[in-house]
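Inspection log for the structure reproduced underneath, given as structure tokens.
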Amino acid sequence: ALEPIGGQDRTDAEKVLCPLVEGWASLAAFQAWALRVNPRTFARALPQRPLCGVRWASLAEAYERNLGVDVVSLATELSQVMSRVKVEGRGLRDVMSSVRRSAGVAAVRSAMAAFEGYPYSPALIAAALLLLTIDVDNLRATLLGIGLGLTPAELEAAII
């Protein structure tokens with residue numbers, strides 16, 4: 001979607017969207033690890049074009065090296081590949097939750113910063129749509145949590 005945009009507008013829009021791309025890439029690696037997907041299949045499933053500075057080849061190599069090892073090893077290696085998302089935790093569920101939350105928080109911060117810039121850039125449009133999407137996701141998580149009888153602390157952990 002960013003291909004027709006160039007210059008500073010593209011750079012600003014990437015700042016808003018790239019935390020989500022890194023989060024998606026990290027989650028894809030962890031989900032593939034949990035399913036024990038063949039490393040060649042995983043590498044072919046990744047985008048071939050450069051996107052947001054994510055080194056897809058490094059991601060595929062990290063996945064292949066850590067396929068037979070524990071999730072902490074994969075998390076440690078991915079934390080070196082990803083610059084905008086924190087990859088931390090002891091178990092698969094903790095790591096994936098950390099990545100989701102970290103990507104969301106980084107995206108919100110970038111989106112809020114976009115409102116301080118030039119008023120009609122693509123970054124501003126991306127930021128507004130991103131914040132609306134995150135608000136809807138938070139509302140959905142809150143309502144679902146209330147329906148499940150979660151405590152306020154658990155509800156707080158479920159939203160970004």
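By order of appearance in the structure tokens: chains A, B, ..., then residues from 1 within every chain, and ligands from 1 in the order shown.
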Residue list (alpha helix (DSSP H), DSSP) for chain A, as a tab-separated table (two decimals) with C-alpha atoms, in the first residue's frame:
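Resulting contents of selection12.tsv:
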chain	number	residue	atom	x	y	z
A	7	GLY	CA	9.85	10.69	0.25
A	8	GLN	CA	9.08	11.96	3.73
A	9	ASP	CA	5.42	10.91	3.52
A	10	ARG	CA	6.44	7.29	3.10
A	11	THR	CA	8.96	7.50	5.95
A	12	ASP	CA	6.33	9.00	8.26
A	13	ALA	CA	3.73	6.37	7.32
A	14	GLU	CA	6.26	3.58	7.89
A	15	LYS	CA	6.96	4.90	11.39
A	16	VAL	CA	3.29	4.39	12.21
A	17	LEU	CA	2.85	0.98	10.58
A	18	CYS	CA	6.22	-0.72	11.11
A	19	PRO	CA	5.72	-1.73	14.77
A	20	LEU	CA	2.71	-3.74	13.63
A	21	VAL	CA	4.70	-5.33	10.79
A	22	GLU	CA	7.44	-6.37	13.22
A	23	GLY	CA	4.82	-7.70	15.62
A	24	TRP	CA	3.20	-9.68	12.81
A	25	ALA	CA	6.55	-11.11	11.72
A	26	SER	CA	7.48	-12.12	15.27
A	27	LEU	CA	4.10	-13.71	15.92
A	28	ALA	CA	4.33	-15.60	12.63
A	29	ALA	CA	7.66	-17.08	13.71
A	30	PHE	CA	6.31	-18.13	17.11
A	31	GLN	CA	3.13	-19.61	15.67
A	32	ALA	CA	5.14	-21.53	13.08
A	33	TRP	CA	7.48	-22.71	15.86
A	34	ALA	CA	4.50	-23.95	17.90
A	35	LEU	CA	3.16	-25.85	14.89
A	39	PRO	CA	11.63	-24.13	7.74
A	40	ARG	CA	11.47	-24.00	3.94
A	41	THR	CA	7.70	-23.56	4.04
A	42	PHE	CA	8.07	-20.81	6.62
A	43	ALA	CA	10.70	-19.01	4.52
A	44	ARG	CA	8.50	-19.18	1.40
A	45	ALA	CA	5.53	-17.78	3.32
A	56	TRP	CA	13.12	-11.60	6.30
A	57	ALA	CA	16.11	-13.84	5.59
A	58	SER	CA	17.39	-13.30	9.16
A	59	LEU	CA	13.95	-14.12	10.52
A	60	ALA	CA	13.80	-17.36	8.52
A	61	GLU	CA	17.33	-18.32	9.58
A	62	ALA	CA	16.55	-17.65	13.25
A	63	TYR	CA	13.43	-19.79	12.95
A	64	GLU	CA	15.33	-22.65	11.32
A	65	ARG	CA	18.14	-22.58	13.91
A	71	VAL	CA	10.98	-20.93	22.72
A	72	VAL	CA	13.32	-18.81	24.85
A	73	SER	CA	16.14	-19.37	22.36
A	74	LEU	CA	13.93	-18.23	19.50
A	75	ALA	CA	12.78	-15.21	21.53
A	76	THR	CA	16.37	-14.26	22.32
A	77	GLU	CA	17.40	-14.43	18.69
A	78	LEU	CA	14.32	-12.58	17.42
A	79	SER	CA	14.87	-9.81	19.95
A	80	GLN	CA	18.11	-9.06	18.12
A	81	VAL	CA	16.39	-9.01	14.71
A	92	LEU	CA	5.23	-19.45	24.27
A	93	ARG	CA	2.09	-17.80	25.60
A	94	ASP	CA	4.07	-15.19	27.57
A	95	VAL	CA	6.29	-14.38	24.60
A	96	MET	CA	3.39	-14.03	22.16
A	97	SER	CA	1.45	-11.87	24.62
A	98	SER	CA	4.52	-9.69	25.13
A	99	VAL	CA	5.00	-9.27	21.38
A	100	ARG	CA	1.33	-8.37	20.81
A	101	ARG	CA	1.33	-5.82	23.61
A	102	SER	CA	4.71	-4.35	22.69
A	103	ALA	CA	3.74	-3.95	19.03
A	104	GLY	CA	0.45	-2.33	20.00
A	105	VAL	CA	2.06	0.10	22.45
A	106	ALA	CA	4.78	1.05	19.96
A	107	ALA	CA	2.17	1.56	17.23
A	108	VAL	CA	0.03	3.76	19.49
A	109	ARG	CA	3.05	5.88	20.42
A	110	SER	CA	4.00	6.29	16.77
A	111	ALA	CA	0.42	7.11	15.83
A	112	MET	CA	0.13	9.74	18.55
A	113	ALA	CA	3.41	11.29	17.40
A	114	ALA	CA	2.05	11.49	13.84
A	122	PRO	CA	-0.54	9.62	4.74
A	123	ALA	CA	0.96	9.02	8.19
A	124	LEU	CA	-1.87	10.98	9.78
A	125	ILE	CA	-4.48	8.91	7.96
A	126	ALA	CA	-2.70	5.67	8.92
A	127	ALA	CA	-2.42	6.87	12.52
A	128	ALA	CA	-6.12	7.73	12.77
A	129	LEU	CA	-7.17	4.37	11.32
A	130	LEU	CA	-4.71	2.53	13.56
A	131	LEU	CA	-5.95	4.25	16.72
A	132	LEU	CA	-9.58	3.55	15.80
A	133	THR	CA	-8.76	-0.12	15.19
A	134	ILE	CA	-6.92	-0.41	18.51
A	135	ASP	CA	-9.82	1.29	20.34
A	136	VAL	CA	-12.27	-1.21	18.85
A	137	ASP	CA	-9.97	-4.11	19.79
A	138	ASN	CA	-9.67	-2.77	23.35
A	139	LEU	CA	-13.44	-2.39	23.64
A	140	ARG	CA	-13.94	-5.92	22.34
A	141	ALA	CA	-11.37	-7.29	24.81
A	142	THR	CA	-12.98	-5.41	27.70
A	143	LEU	CA	-16.49	-6.62	26.93
A	144	LEU	CA	-15.30	-10.18	26.44
A	145	GLY	CA	-13.33	-9.99	29.70
A	146	ILE	CA	-16.33	-8.68	31.62
A	147	GLY	CA	-18.43	-11.49	30.18
A	148	LEU	CA	-15.80	-13.99	31.34
A	152	PRO	CA	-9.90	-5.36	36.81
A	153	ALA	CA	-6.19	-6.27	36.84
A	154	GLU	CA	-6.77	-9.01	34.27
A	155	LEU	CA	-8.83	-6.61	32.14
A	156	GLU	CA	-6.03	-4.04	32.28
A	157	ALA	CA	-3.55	-6.65	31.04
A	158	ALA	CA	-5.86	-7.57	28.15
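What separates CA of Val87 in chain A from CA of Ile159 in chain A is a distance of 17.9 Å.
Interatomic distance, CA of Ile160 in chain A against CA of Val85 in chain A: 14.0 Å.
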